[in-house]
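The file input_4.txt contains compact mmCIF, C-alpha atoms and all ligand atoms:
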```txt
# COMPACT_ATOMS: atom_id res chain seq x y z
CA MET H 667 -78.71 -25.53 -140.17
CA ARG H 668 -82.21 -24.96 -141.63
CA ALA H 669 -82.36 -24.24 -145.35
CA ILE H 670 -84.81 -24.27 -148.25
CA VAL H 671 -83.75 -27.13 -150.51
CA MET H 672 -85.00 -27.80 -154.03
CA ARG H 673 -84.82 -31.51 -154.95
CA GLU H 674 -86.71 -31.02 -158.21
CA PHE H 675 -87.62 -28.16 -160.53
CA GLY H 676 -91.21 -26.99 -160.56
CA GLY H 677 -93.73 -24.76 -158.81
CA PRO H 678 -93.35 -23.05 -155.41
CA GLU H 679 -94.08 -26.40 -153.69
CA VAL H 680 -90.55 -27.63 -154.56
CA LEU H 681 -89.17 -25.12 -152.00
CA GLN H 682 -88.97 -27.36 -148.90
CA LEU H 683 -87.47 -26.64 -145.48
CA GLU H 684 -84.79 -29.17 -144.44
CA ASP H 685 -82.03 -29.64 -141.87
CA VAL H 686 -78.72 -29.81 -143.75
CA ASN H 687 -75.00 -29.55 -142.94
CA ASP H 688 -73.51 -26.07 -142.57
CA PRO H 689 -71.65 -24.96 -145.71
CA GLU H 690 -67.84 -25.14 -145.65
CA PRO H 691 -66.31 -21.80 -146.71
CA GLY H 692 -63.96 -22.31 -149.68
CA ARG H 693 -60.82 -20.34 -150.58
CA GLY H 694 -61.46 -16.59 -150.28
CA GLN H 695 -64.83 -17.13 -148.60
CA ILE H 696 -66.25 -16.40 -145.14
CA LEU H 697 -69.25 -17.94 -143.40
CA LEU H 698 -72.17 -15.60 -142.63
CA ASP H 699 -74.98 -16.02 -140.14
CA VAL H 700 -77.88 -15.00 -142.38
CA ARG H 701 -80.58 -12.67 -141.01
CA LEU H 702 -82.55 -11.87 -144.17
CA ALA H 703 -82.46 -13.60 -147.55
CA GLY H 704 -83.62 -11.57 -150.54
CA VAL H 705 -86.14 -13.19 -152.92
CA ASN H 706 -85.63 -12.23 -156.57
CA TYR H 707 -87.42 -12.91 -159.83
CA ALA H 708 -84.29 -14.80 -160.95
CA ASP H 709 -85.09 -17.35 -158.17
CA VAL H 710 -88.47 -17.95 -159.86
CA HIS H 711 -86.67 -18.68 -163.14
CA VAL H 712 -84.16 -20.97 -161.37
CA ARG H 713 -87.01 -22.87 -159.64
CA GLY H 714 -88.39 -23.68 -163.09
CA ASN H 715 -84.89 -24.35 -164.53
CA THR H 716 -85.32 -21.57 -167.10
CA TYR H 717 -82.57 -19.12 -166.07
CA LEU H 718 -79.25 -18.12 -167.62
CA ALA H 719 -77.02 -20.33 -165.45
CA PRO H 720 -78.20 -23.95 -165.10
CA VAL H 721 -78.11 -25.31 -161.52
CA GLU H 722 -77.62 -28.82 -160.16
CA LEU H 723 -80.07 -30.45 -157.75
CA PRO H 724 -80.32 -30.57 -154.80
CA TYR H 725 -80.05 -26.79 -154.72
CA ILE H 726 -80.48 -24.07 -152.10
CA PRO H 727 -81.72 -20.94 -153.91
CA GLY H 728 -80.97 -17.33 -152.99
CA ASN H 729 -78.45 -14.86 -154.35
CA GLU H 730 -78.42 -12.01 -151.80
CA VAL H 731 -78.43 -11.89 -148.03
CA VAL H 732 -78.02 -9.64 -145.04
CA GLY H 733 -75.96 -11.39 -142.37
CA VAL H 734 -73.26 -11.19 -139.74
CA THR H 735 -69.58 -12.09 -140.29
CA PRO H 736 -67.55 -14.24 -137.85
CA ASN H 737 -66.10 -11.01 -136.41
CA GLY H 738 -69.53 -9.46 -135.83
CA LYS H 739 -69.85 -7.10 -138.82
CA ARG H 740 -73.33 -6.61 -140.30
CA VAL H 741 -73.00 -7.03 -144.08
CA VAL H 742 -75.02 -7.30 -147.26
CA ALA H 743 -73.68 -9.96 -149.63
CA LEU H 744 -74.10 -11.47 -153.07
CA THR H 745 -74.08 -15.25 -153.30
CA GLN H 746 -74.39 -17.68 -156.18
CA GLY H 747 -77.13 -19.81 -154.65
CA GLY H 748 -77.28 -20.84 -151.00
CA GLY H 749 -78.99 -17.71 -149.65
CA TYR H 750 -82.26 -19.25 -148.38
CA ALA H 751 -80.50 -20.67 -145.32
CA GLU H 752 -79.35 -19.89 -141.78
CA LYS H 753 -75.71 -19.84 -142.95
CA VAL H 754 -74.03 -19.17 -146.28
CA ALA H 755 -70.45 -18.99 -147.52
CA VAL H 756 -69.75 -15.71 -149.36
CA HIS H 757 -66.72 -14.41 -151.22
CA ARG H 758 -64.77 -11.81 -149.27
CA MET H 759 -65.01 -9.39 -152.23
CA LEU H 760 -68.81 -9.75 -152.50
CA ASN H 761 -69.90 -8.53 -149.08
CA TRP H 762 -70.11 -4.96 -147.87
CA GLU H 763 -70.45 -3.64 -144.32
CA ILE H 764 -73.81 -1.95 -143.77
CA PRO H 765 -73.57 1.59 -142.35
CA ASP H 766 -75.28 2.17 -138.97
CA ASP H 767 -77.91 4.45 -140.53
CA VAL H 768 -79.16 1.67 -142.86
CA SER H 769 -81.39 -1.09 -141.43
CA ASP H 770 -81.29 -4.77 -142.43
CA GLU H 771 -84.63 -4.33 -144.24
CA GLN H 772 -83.31 -1.31 -146.15
CA ALA H 773 -80.08 -3.14 -147.04
CA VAL H 774 -81.49 -6.44 -148.32
CA PRO H 775 -82.46 -5.27 -151.86
CA LEU H 776 -79.31 -3.23 -152.40
CA ALA H 777 -76.77 -5.91 -153.36
CA LEU H 778 -78.70 -7.53 -156.20
CA GLN H 779 -81.62 -5.30 -157.18
CA GLY H 780 -79.92 -2.02 -156.18
CA ASN H 781 -76.65 -2.81 -157.95
CA SER H 782 -78.58 -3.99 -161.01
CA ALA H 783 -80.67 -0.82 -161.17
CA TRP H 784 -77.59 1.35 -160.65
CA HIS H 785 -75.41 -0.32 -163.32
CA LEU H 786 -78.26 -0.62 -165.83
CA LEU H 787 -78.86 3.13 -165.63
CA PHE H 788 -75.35 4.50 -165.23
CA THR H 789 -72.94 1.87 -166.66
CA VAL H 790 -75.03 0.34 -169.44
CA ALA H 791 -77.68 2.86 -170.59
CA GLN H 792 -75.53 5.80 -169.39
CA ILE H 793 -78.53 8.04 -168.82
CA THR H 794 -77.92 11.76 -168.39
CA LYS H 795 -79.87 14.72 -167.01
CA GLY H 796 -82.88 15.70 -169.12
CA GLU H 797 -83.11 12.41 -171.00
CA LYS H 798 -86.35 10.45 -171.13
CA VAL H 799 -85.95 6.85 -169.90
CA VAL H 800 -88.42 3.95 -169.81
CA ILE H 801 -88.36 1.78 -166.66
CA PRO H 802 -90.40 -1.47 -166.71
CA ALA H 803 -92.00 -3.28 -163.73
CA ALA H 804 -91.59 0.09 -162.05
CA ALA H 805 -93.23 -0.98 -158.80
CA GLY H 806 -91.09 -4.14 -158.54
CA GLY H 807 -87.75 -4.73 -156.82
CA VAL H 808 -85.30 -3.47 -159.46
CA GLY H 809 -87.88 -1.11 -160.99
CA SER H 810 -88.83 0.79 -157.80
CA LEU H 811 -85.14 1.50 -157.14
CA ALA H 812 -84.39 2.37 -160.80
CA VAL H 813 -87.24 4.91 -160.90
CA GLN H 814 -85.82 6.74 -157.89
CA LEU H 815 -82.18 6.58 -159.06
CA ALA H 816 -83.03 7.84 -162.56
CA ASN H 817 -85.22 10.61 -161.15
CA ARG H 818 -82.44 11.68 -158.76
CA ALA H 819 -80.06 11.83 -161.75
CA GLY H 820 -82.37 14.32 -163.47
CA ALA H 821 -83.84 11.99 -166.08
CA THR H 822 -87.55 12.05 -166.95
CA VAL H 823 -88.89 8.60 -166.03
CA ILE H 824 -91.63 6.93 -168.04
CA ALA H 825 -92.66 4.04 -165.80
CA LEU H 826 -94.31 0.84 -167.06
CA ALA H 827 -96.53 -1.22 -164.77
CA SER H 828 -99.45 -3.61 -165.15
CA THR H 829 -101.97 -2.29 -162.60
CA PRO H 830 -103.31 1.15 -161.54
CA GLU H 831 -101.94 0.63 -157.99
CA LYS H 832 -98.45 -0.12 -159.33
CA ARG H 833 -98.58 2.92 -161.62
CA GLU H 834 -99.67 5.12 -158.69
CA LEU H 835 -96.68 3.84 -156.69
CA ALA H 836 -94.30 4.57 -159.60
CA LEU H 837 -95.56 8.16 -159.74
CA GLU H 838 -95.09 8.51 -155.97
CA LEU H 839 -91.48 7.28 -156.39
CA GLY H 840 -90.77 10.07 -158.88
CA ALA H 841 -91.85 8.89 -162.33
CA ALA H 842 -93.09 11.71 -164.58
CA ALA H 843 -95.64 9.40 -166.22
CA ALA H 844 -96.83 5.83 -165.78
CA VAL H 845 -97.97 3.66 -168.70
CA ASP H 846 -100.12 0.51 -168.60
CA SER H 847 -97.91 -2.39 -169.76
CA SER H 848 -100.51 -5.16 -169.33
CA ASP H 849 -101.59 -4.87 -172.98
CA GLU H 850 -98.50 -5.20 -175.17
CA GLU H 851 -100.24 -4.04 -178.32
CA GLY H 852 -99.76 -0.32 -178.88
CA LEU H 853 -97.28 0.01 -176.00
CA ALA H 854 -94.80 2.06 -178.10
CA GLU H 855 -97.53 4.56 -178.93
CA ARG H 856 -98.61 4.86 -175.29
CA ILE H 857 -94.97 5.39 -174.21
CA ARG H 858 -94.58 8.16 -176.82
CA ASP H 859 -97.85 9.79 -175.76
CA ALA H 860 -96.75 9.78 -172.12
CA ALA H 861 -93.23 11.04 -172.93
CA GLY H 862 -94.34 13.67 -175.45
CA GLY H 863 -92.21 11.97 -178.13
CA ASP H 864 -89.49 9.36 -178.52
CA VAL H 865 -87.36 8.36 -175.54
CA GLN H 866 -83.55 8.34 -175.41
CA ALA H 867 -83.11 5.23 -173.26
CA ALA H 868 -85.07 2.23 -172.02
CA LEU H 869 -84.58 -0.72 -169.69
CA GLU H 870 -86.25 -3.99 -170.80
CA MET H 871 -86.96 -7.18 -168.80
CA THR H 872 -90.19 -8.67 -170.15
CA GLY H 873 -89.22 -10.06 -173.57
CA GLY H 874 -91.50 -10.92 -176.50
CA PRO H 875 -93.61 -8.13 -178.05
CA THR H 876 -92.85 -5.79 -175.11
CA LEU H 877 -89.20 -5.73 -176.19
CA HIS H 878 -90.16 -4.80 -179.76
CA GLU H 879 -92.61 -2.12 -178.60
CA THR H 880 -90.01 -0.61 -176.24
CA LEU H 881 -87.43 -0.61 -179.05
CA ASN H 882 -89.91 1.16 -181.31
CA ALA H 883 -90.37 3.96 -178.77
CA LEU H 884 -86.65 4.82 -178.89
CA ALA H 885 -85.39 7.93 -180.64
CA PRO H 886 -82.62 7.64 -183.24
CA ARG H 887 -79.35 6.83 -181.41
CA GLY H 888 -81.35 5.56 -178.43
CA ARG H 889 -80.07 2.90 -176.01
CA LEU H 890 -81.88 -0.25 -174.90
CA ALA H 891 -80.55 -2.17 -171.88
CA VAL H 892 -81.94 -5.72 -171.78
CA TYR H 893 -81.72 -7.55 -168.44
CA GLY H 894 -84.47 -10.16 -168.27
CA PHE H 895 -87.29 -12.11 -169.88
CA ALA H 896 -89.95 -12.33 -167.14
CA SER H 897 -92.59 -13.41 -169.65
CA GLY H 898 -90.41 -16.39 -170.61
CA ARG H 899 -90.38 -15.24 -174.23
CA LEU H 900 -86.90 -14.70 -175.64
CA THR H 901 -86.96 -12.75 -178.87
CA ASP H 902 -84.71 -11.63 -181.70
CA VAL H 903 -83.75 -8.03 -182.22
CA PRO H 904 -84.50 -6.65 -185.72
CA ILE H 905 -81.11 -5.62 -187.16
CA HIS H 906 -82.80 -3.44 -189.79
CA THR H 907 -84.32 -1.23 -187.04
CA LEU H 908 -80.98 -1.04 -185.21
CA LEU H 909 -79.15 0.09 -188.32
CA GLU H 910 -81.81 2.45 -189.59
CA LYS H 911 -82.24 4.20 -186.21
CA SER H 912 -78.62 3.73 -185.08
CA ILE H 913 -79.81 2.07 -181.86
CA THR H 914 -77.51 0.47 -179.27
CA VAL H 915 -78.83 -2.68 -177.57
CA SER H 916 -76.88 -3.94 -174.56
CA GLY H 917 -77.32 -7.06 -172.47
CA PHE H 918 -76.70 -7.02 -168.74
CA TRP H 919 -76.22 -9.80 -166.18
CA LEU H 920 -74.95 -8.66 -162.77
CA PRO H 921 -72.68 -11.69 -162.07
CA ARG H 922 -70.49 -10.54 -164.97
CA LEU H 923 -69.34 -7.72 -162.64
CA TYR H 924 -68.44 -9.98 -159.71
CA ALA H 925 -64.83 -10.60 -160.74
CA ASP H 926 -64.16 -7.14 -162.24
CA ARG H 927 -60.87 -5.92 -160.75
CA ASN H 928 -61.97 -2.29 -161.12
CA LEU H 929 -64.47 -3.01 -158.31
CA PRO H 930 -67.55 -1.41 -159.96
CA LEU H 931 -69.77 -2.93 -157.24
CA LYS H 932 -67.80 -1.23 -154.48
CA ALA H 933 -68.57 2.18 -156.02
CA SER H 934 -72.25 1.43 -156.64
CA MET H 935 -72.74 -0.04 -153.13
CA LYS H 936 -71.30 3.15 -151.61
CA SER H 937 -73.59 5.30 -153.74
CA LEU H 938 -76.62 3.16 -152.79
CA PHE H 939 -75.81 3.15 -149.04
CA ASP H 940 -75.33 6.95 -149.15
CA ALA H 941 -78.66 7.44 -150.94
CA VAL H 942 -80.52 5.28 -148.39
CA GLY H 943 -78.72 7.01 -145.52
CA ASN H 944 -79.64 10.51 -146.69
CA GLY H 945 -83.25 9.49 -147.37
CA SER H 946 -83.20 9.95 -151.16
CA LEU H 947 -83.63 6.20 -151.90
CA LYS H 948 -86.62 4.53 -150.26
CA MET H 949 -87.22 0.79 -150.03
CA VAL H 950 -90.61 -0.54 -151.02
CA HIS H 951 -91.25 -3.52 -148.74
CA GLY H 952 -93.18 -6.29 -150.47
CA GLY H 953 -93.20 -8.60 -147.48
CA THR H 954 -90.93 -10.56 -145.15
CA TYR H 955 -91.81 -14.22 -144.66
CA PRO H 956 -90.41 -16.82 -142.22
CA LEU H 957 -87.80 -19.03 -143.95
CA ALA H 958 -90.22 -21.98 -144.05
CA ASP H 959 -92.67 -19.87 -146.10
CA ALA H 960 -90.37 -19.35 -149.11
CA ALA H 961 -93.12 -20.81 -151.33
CA LYS H 962 -95.49 -18.03 -150.21
CA ALA H 963 -92.93 -15.39 -151.21
CA HIS H 964 -92.58 -17.05 -154.62
CA ASN H 965 -96.36 -17.15 -155.02
CA SER H 966 -96.47 -13.41 -154.40
CA LEU H 967 -93.84 -12.80 -157.11
CA ASN H 968 -95.53 -15.23 -159.53
CA SER H 969 -98.96 -13.70 -159.08
CA ARG H 970 -97.63 -10.33 -160.27
CA THR H 971 -99.71 -8.58 -157.62
CA GLY H 972 -97.00 -7.61 -155.13
CA THR H 973 -94.78 -4.56 -155.13
CA GLY H 974 -91.23 -3.92 -153.95
CA LYS H 975 -88.86 -6.28 -152.17
CA PHE H 976 -89.70 -9.74 -150.83
CA SER H 977 -87.42 -11.39 -148.29
CA LEU H 978 -87.16 -14.35 -145.92
CA ASP H 979 -86.42 -13.96 -142.22
CA THR H 980 -84.00 -16.84 -141.62
CA THR H 981 -84.20 -16.40 -137.83
CA LYS H 982 -87.89 -17.42 -137.82
N1 LIG Q 1001 -79.76 -9.30 -165.57
C1 LIG Q 1001 -79.58 -9.12 -164.27
O1 LIG Q 1001 -78.47 -9.07 -163.75
C2 LIG Q 1001 -80.80 -8.98 -163.42
C3 LIG Q 1001 -80.68 -8.63 -162.07
C4 LIG Q 1001 -81.85 -8.47 -161.32
C5 LIG Q 1001 -83.09 -8.67 -161.90
N2 LIG Q 1001 -83.14 -9.03 -163.21
C6 LIG Q 1001 -84.44 -9.19 -163.88
O2 LIG Q 1001 -85.18 -8.02 -163.60
C7 LIG Q 1001 -86.54 -8.33 -163.56
C8 LIG Q 1001 -87.11 -7.81 -162.25
O3 LIG Q 1001 -86.56 -8.59 -161.20
P1 LIG Q 1001 -87.03 -8.35 -159.70
O4 LIG Q 1001 -86.39 -9.40 -158.89
O5 LIG Q 1001 -86.84 -6.94 -159.33
O6 LIG Q 1001 -88.59 -8.71 -159.77
P2 LIG Q 1001 -89.86 -7.76 -159.59
O7 LIG Q 1001 -89.75 -6.62 -160.52
O8 LIG Q 1001 -90.02 -7.47 -158.15
O9 LIG Q 1001 -91.02 -8.73 -160.04
C9 LIG Q 1001 -91.15 -9.09 -161.40
C10 LIG Q 1001 -92.06 -8.10 -162.15
O10 LIG Q 1001 -92.02 -8.43 -163.53
C11 LIG Q 1001 -93.18 -7.95 -164.16
N3 LIG Q 1001 -93.62 -8.94 -165.13
C12 LIG Q 1001 -93.71 -8.74 -166.45
N4 LIG Q 1001 -94.13 -9.83 -167.07
C13 LIG Q 1001 -94.32 -10.76 -166.13
C14 LIG Q 1001 -94.78 -12.09 -166.16
N5 LIG Q 1001 -95.12 -12.70 -167.31
N6 LIG Q 1001 -94.86 -12.77 -164.99
C15 LIG Q 1001 -94.53 -12.19 -163.83
N7 LIG Q 1001 -94.08 -10.91 -163.75
C16 LIG Q 1001 -93.99 -10.20 -164.90
C17 LIG Q 1001 -94.22 -7.71 -163.05
O11 LIG Q 1001 -94.45 -6.30 -162.99
P3 LIG Q 1001 -95.73 -5.70 -163.78
O12 LIG Q 1001 -96.89 -6.51 -163.27
O13 LIG Q 1001 -95.80 -4.28 -163.40
O14 LIG Q 1001 -95.42 -5.94 -165.23
C18 LIG Q 1001 -93.54 -8.20 -161.79
O15 LIG Q 1001 -93.85 -7.41 -160.68
C19 LIG Q 1001 -86.65 -9.85 -163.75
O16 LIG Q 1001 -86.89 -10.11 -165.12
C20 LIG Q 1001 -85.28 -10.33 -163.36
O17 LIG Q 1001 -84.95 -11.56 -163.95
C21 LIG Q 1001 -82.05 -9.19 -163.97
```
Is it possible to express this structure as structure tokens?
Ligand SMILES: NC(=O)c1ccc[n+]([C@@H]2O[C@H](COP(=O)([O-])OP(=O)(O)OC[C@H]3O[C@@H](n4cnc5c(N)ncnc54)[C@H](OP(=O)(O)O)[C@@H]3O)[C@@H](O)[C@H]2O)c1
Amino acid sequence: MRAIVMREFGGPEVLQLEDVNDPEPGRGQILLDVRLAGVNYADVHVRGNTYLAPVELPYIPGNEVVGVTPNGKRVVALTQGGGYAEKVAVHRMLNWEIPDDVSDEQAVPLALQGNSAWHLLFTVAQITKGEKVVIPAAAGGVGSLAVQLANRAGATVIALASTPEKRELALELGAAAAVDSSDEEGLAERIRDAAGGDVQAALEMTGGPTLHETLNALAPRGRLAVYGFASGRLTDVPIHTLLEKSITVSGFWLPRLYADRNLPLKASMKSLFDAVGNGSLKMVHGGTYPLADAAKAHNSLNSRTGTGKFSLDTTK
């Protein structure tokens, strides 16, 4: 099969197309014919060997796919690597049949970015109607879905984004206000101005000063859900602020839900499929590239200019 193989860590140029053996499904796994492979910011971290789980080379990146099962079902699936390929072995509990009213392109962001947005808002931050919530990178993959899900749940969304075009998109998706996040200094003040006061909840995925500014915009008893460090800057949380304002800070990494016997992903996938099917959750398409052009998709994510979901068409 054709696959994108990394033989070293580095820039987008390490993503090379090769002919490799088909994967052998292990215990509890099935083999999928991949149609679309989702590209995620985590793949950018993995390419530079800076993510949470270290990987061994050679490595085929890609953690979410749309594909077809051996018995002909169209599914969306979560993988732990291996997605940028014509075939991938997936666990039988980590793939979900796609309803007829949801297209492949609509389905591809749902397993990783959709589930992340859903659980960050409803499992971790536990947002409720009428609360003000900050959503960063609001025109990005996770962010564009989180804005819509939070808005649908009756929260007031304060979107963060680095360019006027991205902020315009966040407003179109349902944000009540959109704040420039390109300058970290004074971000807390700009969030408060936009929200008309402190916010009750915030998602955070940039790290460094942005984390501290977001924390400072929280009301007493506010909740901060931390799920990334796109800037590469990991930072400490000031315990004094947490105690004094009675703030809850939670970390979130989606793979920690994969083996949960209560099947939280089954419930969120159903909710996401229903929302796409009834038109209340729209996909923002960043671009679909032929498999061989994985490096171009990574360049788009790196450059911070794109919006929405990037994917690879493994049939081209
Ligand atoms: N913990 C989890 O389980 C989990 C799951 C999924 C995603 N994530 C994290 O969620 C974040 C979004 O992921 P995604 O795949 O949906 O990507 P994305 O939002 O489509 O793209 C990344 C966005 O990050 C923002 N950004 C901020 N600082 C950046 C920097 N220094 N360099 C590049 N981009 C920067 C950019 O938006 P602006 O230009 O508007 O700032 C950019 O569009 C990532 O941090 C990812 O690691 C975590």
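The space between atom CA of Val768 of chain H and atom CA of Lys975 of chain H spans 15.6 Å.
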Exercise for the section: Please identify every polymer residue within 7 Å of ligand LIG 1001 (chain Q), using only C-alpha atoms and all ligand atoms, and present the set as a count of residues only. Expected result: 42
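Of the residues under consideration (H:Leu776, H:Ala669, H:Leu931, H:Leu978), H:Leu978 shows the shortest atom-to-atom contact distance to Ala960 of chain H when counting only C-alpha atoms.
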Practice task
Do a neighbour search on segment 753-759 of chain H at 9 Å with all atoms listed in the file, toss out local chain neighbours closer than 3 positions, and write the hits as a VMD selection string.
Solution key: chain H and resid 667 to 669 688 to 701 731 733 743 to 750 762 924 to 925 929 932 980
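Look at segment 677-681 of chain H: the protein and nucleic acid residues within 8 Å of it, using all atoms listed in the file and passing over chain neighbours fewer than 6 places away, are Ile670, Val671, Arg713, Gly714, Ala960, Ala961, Lys962, His964 and Asn965 of chain H.
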Exercise for the section: Could you please determine the separation between atom CA of Glu910 of chain H and atom CA of Ala860 of chain H in Å, to one decimal place? Expected result: 24.1 Å
Practice task
List the neighbours of segment 877-884 of chain H out to 8 Å using all atoms listed in the file; skip same-chain residues closer than 4 positions along the sequence, and give me the result as a VMD selection string.
Solution key: chain H and resid 850 to 855 857 to 858 864 to 868 870 to 873 888 to 890 901 903 913
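Residue nearest Ala885 of chain H, chosen from H:Leu723, H:Ala821, H:Val800, H:Leu683 and counting all atoms listed in the file: H:Val800.
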Problem - Of the listed residues H:Val686, H:Ala791, H:Ala825, H:Ala958, that which approaches Arg887 of chain H most closely, counting all atoms listed in the file - result: H:Ala791
Practice task
Considering all atoms listed in the file, return as a VMD selection string whatever protein or nucleic-acid residues lie within 8 Å of segment 938-947 of chain H, sequence-local ones (same chain, fewer than 5 positions apart) excluded.
Solution key: chain H and resid 764 to 765 767 to 768 772 to 773 776 780 to 781 811 814 to 815 818
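The residue that comes closest to Met672 of chain H, out of H:Leu718, H:Ile726, H:Ala836, H:Val741 and on the basis of all atoms listed in the file, is H:Ile726.
Near (-87.5, -13.5, -142.6), the residues that fall inside 6 Å on the basis of only C-alpha atoms are Leu702, Thr954, Tyr955, Pro956, Leu957, Leu978, Asp979 and Thr980 of chain H.
Taking atom CA of Asp766 of chain H and atom CA of Met935 of chain H as endpoints, the distance between them is 14.6 Å.
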Please report, as JSON, the centre and edge lengths in Å to one decimal of an axis-aligned box covering all listed atoms of segment 880-897 of chain H with 6 Å per side.
```
{"center_x": -86.0, "center_y": -2.7, "center_z": -175.2, "size_x": 25.2, "size_y": 33.3, "size_z": 28.1}
```
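Distance annotation: of H:Ala891, H:Ile824, H:Arg740, H:Gly863, the residue with the minimal separation from Leu787 of chain H is H:Ala891; atom set is all atoms listed in the file.
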Can you pull segment 801-812 of chain H out of that block with C-alpha atoms and hand it back as a CSV table (one decimal), in the first residue's frame?
```csv
chain,number,residue,atom,x,y,z
H,801,ILE,CA,-12.7,29.3,22.8
H,802,PRO,CA,-9.2,29.7,21.3
H,803,ALA,CA,-8.1,29.1,17.7
H,804,ALA,CA,-11.8,29.6,17.0
H,805,ALA,CA,-11.4,29.2,13.2
H,806,GLY,CA,-9.3,26.1,13.5
H,807,GLY,CA,-10.4,22.4,13.5
H,808,VAL,CA,-11.3,21.9,17.2
H,809,GLY,CA,-12.2,25.6,17.6
H,810,SER,CA,-14.6,26.0,14.7
H,811,LEU,CA,-16.6,22.9,16.1
H,812,ALA,CA,-16.4,24.1,19.7
```
